[in-house]
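Okay, coords.cif now, which holds mmCIF, C-alpha atoms:
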data_run
#
loop_
_atom_site.label_atom_id
_atom_site.label_comp_id
_atom_site.auth_asym_id
_atom_site.auth_seq_id
_atom_site.Cartn_x
_atom_site.Cartn_y
_atom_site.Cartn_z
CA MET A 1 -11.94 -12.19 7.47
CA ARG A 2 -10.61 -9.93 10.20
CA VAL A 3 -11.06 -6.11 10.21
CA LEU A 4 -9.07 -3.66 12.31
CA LEU A 5 -10.80 -0.44 13.36
CA LEU A 6 -8.27 2.26 14.20
CA GLU A 7 -10.98 4.53 15.66
CA PRO A 8 -14.56 3.90 16.78
CA ILE A 9 -17.27 3.98 14.12
CA HIS A 10 -21.05 4.10 14.48
CA GLU A 11 -22.47 0.99 16.15
CA ASP A 12 -24.64 0.25 13.11
CA GLY A 13 -21.49 0.09 10.99
CA VAL A 14 -19.86 -2.27 13.49
CA LYS A 15 -22.92 -4.54 13.41
CA LEU A 16 -22.80 -4.72 9.62
CA LEU A 17 -19.12 -5.57 9.69
CA GLN A 18 -19.65 -8.24 12.32
CA GLU A 19 -22.04 -10.04 9.97
CA VAL A 20 -19.16 -10.79 7.61
CA ALA A 21 -15.98 -10.41 9.64
CA GLU A 22 -14.32 -10.50 13.03
CA VAL A 23 -13.92 -6.89 14.17
CA VAL A 24 -10.92 -5.94 16.30
CA TYR A 25 -10.08 -2.55 17.74
CA ALA A 26 -6.70 -0.82 17.73
CA THR A 27 -4.85 -1.15 21.01
CA GLY A 28 -2.92 2.05 20.32
CA HIS A 29 -2.07 4.54 17.61
CA SER A 30 1.72 4.40 17.41
CA GLU A 31 3.27 3.11 14.21
CA GLU A 32 4.56 0.04 16.06
CA GLU A 33 1.17 -0.80 17.59
CA ILE A 34 -0.65 -0.43 14.29
CA ALA A 35 2.00 -2.47 12.45
CA ALA A 36 1.72 -5.32 14.96
CA GLN A 37 -2.04 -5.53 14.59
CA ALA A 38 -2.01 -4.98 10.80
CA ALA A 39 0.03 -8.15 10.40
CA GLU A 40 -2.99 -10.15 11.57
CA VAL A 41 -5.88 -8.54 9.66
CA ASP A 42 -7.36 -8.54 6.17
CA ALA A 43 -8.67 -4.96 6.25
CA ILE A 44 -8.12 -1.70 8.12
CA ILE A 45 -10.74 1.00 8.57
CA THR A 46 -9.64 4.42 9.76
CA ARG A 47 -11.17 7.84 10.24
CA ASN A 48 -8.72 10.64 10.98
CA LYS A 49 -6.05 9.37 13.37
CA GLY A 50 -4.99 6.33 11.44
CA PHE A 51 -1.83 7.14 9.54
CA ILE A 52 -0.82 4.05 7.61
CA SER A 53 2.92 4.15 7.05
CA GLU A 54 5.16 2.07 4.79
CA LYS A 55 6.31 0.14 7.88
CA VAL A 56 2.70 -0.90 8.55
CA PHE A 57 2.26 -2.14 4.97
CA GLU A 58 5.55 -4.07 4.97
CA GLY A 59 4.36 -6.55 7.59
CA ALA A 60 0.71 -6.66 6.59
CA THR A 61 0.89 -9.66 4.27
CA ARG A 62 -2.82 -10.52 4.70
CA LEU A 63 -4.01 -6.96 4.07
CA LYS A 64 -6.42 -6.60 1.15
CA CYS A 65 -8.12 -3.27 1.88
CA VAL A 66 -7.59 0.01 3.69
CA ALA A 67 -10.61 2.29 3.93
CA ARG A 68 -11.23 5.74 5.37
CA THR A 69 -14.72 6.57 6.62
CA GLY A 70 -16.26 10.01 6.64
CA TRP A 71 -16.51 12.73 4.08
CA GLY A 72 -14.07 15.09 2.47
CA TRP A 73 -10.50 14.46 1.51
CA THR A 74 -7.26 14.90 3.38
CA THR A 75 -3.72 14.57 2.19
CA SER A 76 -0.37 14.35 3.88
CA THR A 77 3.07 15.14 2.62
#

Now, as a test, write the supplied structure out as structure tokens.
Amino acid sequence: MRVLLLEPIHEDGVKLLQEVAEVVYATGHSEEEIAAQAAEVDAIITRNKGFISEKVFEGATRLKCVARTGWGWTTST
């Protein structure tokens, strides 16, 4: 399993993930950069910056999970 982190998370969280998956970090935050990396991962974890567009999902054939860390709820239109 391979997990893409769009933003840094607490080191304890990274350690837990590394016990069950290969953790990779986003190389950038543009739609194109995220889409390129999403095509090679099974899960994406984001905090606030990670907008996951339809273009990202189209090429992410391995993707099984997208998660947002933190508290509260945000929406976009």

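Those residues returned by the PyMOL selection byres ((chain A and resi 5-18) around 8) for this file are A:Val3, A:Leu4, A:Glu19, A:Val20, A:Ala21, A:Glu22, A:Val23, A:Val24, A:Tyr25, A:Ala26, A:His29, A:Ile44, A:Ile45, A:Thr46, A:Arg47, A:Lys49, A:Gly50.
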
(message) List as a list of chain:residue names the protein and nucleic acid residues near Phe51 of chain A, meaning an atom at most 12 Å away when only C-alpha atoms are counted, but skip any in the same chain fewer than 5 places from it.
(response)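 Here the qualifying residues turn out to be A:Leu6, A:Glu7, A:Gly28, A:His29, A:Ser30, A:Glu31, A:Glu32, A:Glu33, A:Ile34, A:Ala35, A:Ile44, A:Ile45, A:Thr46, A:Val56, A:Phe57, A:Val66, A:Ala67, A:Arg68, A:Thr74, A:Thr75, A:Ser76, A:Thr77.
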
Selection file, C-alpha atoms, as a compact mmCIF listing (two decimals), keeping the file's coordinate frame:
# COMPACT_ATOMS: atom_id res chain seq x y z
CA LEU A 6 -8.27 2.26 14.20
CA GLU A 7 -10.98 4.53 15.66
CA GLY A 28 -2.92 2.05 20.32
CA HIS A 29 -2.07 4.54 17.61
CA SER A 30 1.72 4.40 17.41
CA GLU A 31 3.27 3.11 14.21
CA GLU A 32 4.56 0.04 16.06
CA GLU A 33 1.17 -0.80 17.59
CA ILE A 34 -0.65 -0.43 14.29
CA ALA A 35 2.00 -2.47 12.45
CA ILE A 44 -8.12 -1.70 8.12
CA ILE A 45 -10.74 1.00 8.57
CA THR A 46 -9.64 4.42 9.76
CA VAL A 56 2.70 -0.90 8.55
CA PHE A 57 2.26 -2.14 4.97
CA VAL A 66 -7.59 0.01 3.69
CA ALA A 67 -10.61 2.29 3.93
CA ARG A 68 -11.23 5.74 5.37
CA THR A 74 -7.26 14.90 3.38
CA THR A 75 -3.72 14.57 2.19
CA SER A 76 -0.37 14.35 3.88
CA THR A 77 3.07 15.14 2.62

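Distances to Asp42 of chain A were evaluated for A:Gly59, A:Lys64, A:Thr27, A:Thr69 using all atoms listed in the file, and the minimum falls at A:Lys64.
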
(request) Please measure the separation of atom CA of Ala60 of chain A and atom CA of Ala38 of chain A, giving the value in Å to one decimal. (result)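 These two atoms are separated by 5.3 Å.
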
(request) Please measure the separation of atom CA of Trp71 of chain A and atom CA of Ser53 of chain A, giving the value in Å to one decimal. (result)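 Pair atom CA of Trp71 of chain A / atom CA of Ser53 of chain A returns 21.4 Å.
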
Need a file for segment 30-62 of chain A from that block: C-alpha atoms, written as an mmCIF file, in the first residue's frame.
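Output file decode14.cif is given in full below:
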data_model
loop_
_atom_site.group_PDB
_atom_site.id
_atom_site.type_symbol
_atom_site.label_atom_id
_atom_site.label_comp_id
_atom_site.auth_asym_id
_atom_site.auth_seq_id
_atom_site.Cartn_x
_atom_site.Cartn_y
_atom_site.Cartn_z
ATOM 1 C CA SER A 30 -1.083 22.128 -8.349
ATOM 2 C CA GLU A 31 -3.824 19.984 -9.831
ATOM 3 C CA GLU A 32 -1.341 18.502 -12.306
ATOM 4 C CA GLU A 33 1.217 17.607 -9.622
ATOM 5 C CA ILE A 34 -1.384 15.990 -7.383
ATOM 6 C CA ALA A 35 -2.912 14.092 -10.321
ATOM 7 C CA ALA A 36 0.478 12.691 -11.346
ATOM 8 C CA GLN A 37 1.200 11.390 -7.856
ATOM 9 C CA ALA A 38 -2.374 10.187 -7.231
ATOM 10 C CA ALA A 39 -2.038 7.801 -10.155
ATOM 11 C CA GLU A 40 0.545 5.841 -8.170
ATOM 12 C CA VAL A 41 -1.018 5.640 -4.688
ATOM 13 C CA ASP A 42 -3.731 3.718 -2.866
ATOM 14 C CA ALA A 43 -4.703 6.495 -0.445
ATOM 15 C CA ILE A 44 -4.433 10.260 -0.079
ATOM 16 C CA ILE A 45 -4.390 12.126 3.222
ATOM 17 C CA THR A 46 -4.935 15.868 3.210
ATOM 18 C CA ARG A 47 -5.423 18.628 5.735
ATOM 19 C CA ASN A 48 -6.477 21.984 4.307
ATOM 20 C CA LYS A 49 -4.568 22.634 1.085
ATOM 21 C CA GLY A 50 -5.378 19.427 -0.691
ATOM 22 C CA PHE A 51 -8.190 20.077 -3.131
ATOM 23 C CA ILE A 52 -8.975 16.820 -4.874
ATOM 24 C CA SER A 53 -10.483 17.598 -8.261
ATOM 25 C CA GLU A 54 -12.262 15.379 -10.764
ATOM 26 C CA LYS A 55 -9.083 15.385 -12.878
ATOM 27 C CA VAL A 56 -7.157 13.883 -9.955
ATOM 28 C CA PHE A 57 -9.738 11.108 -9.515
ATOM 29 C CA GLU A 58 -9.850 10.282 -13.236
ATOM 30 C CA GLY A 59 -6.271 9.017 -13.295
ATOM 31 C CA ALA A 60 -6.173 7.555 -9.805
ATOM 32 C CA THR A 61 -7.117 3.994 -10.697
ATOM 33 C CA ARG A 62 -5.445 2.505 -7.589
#
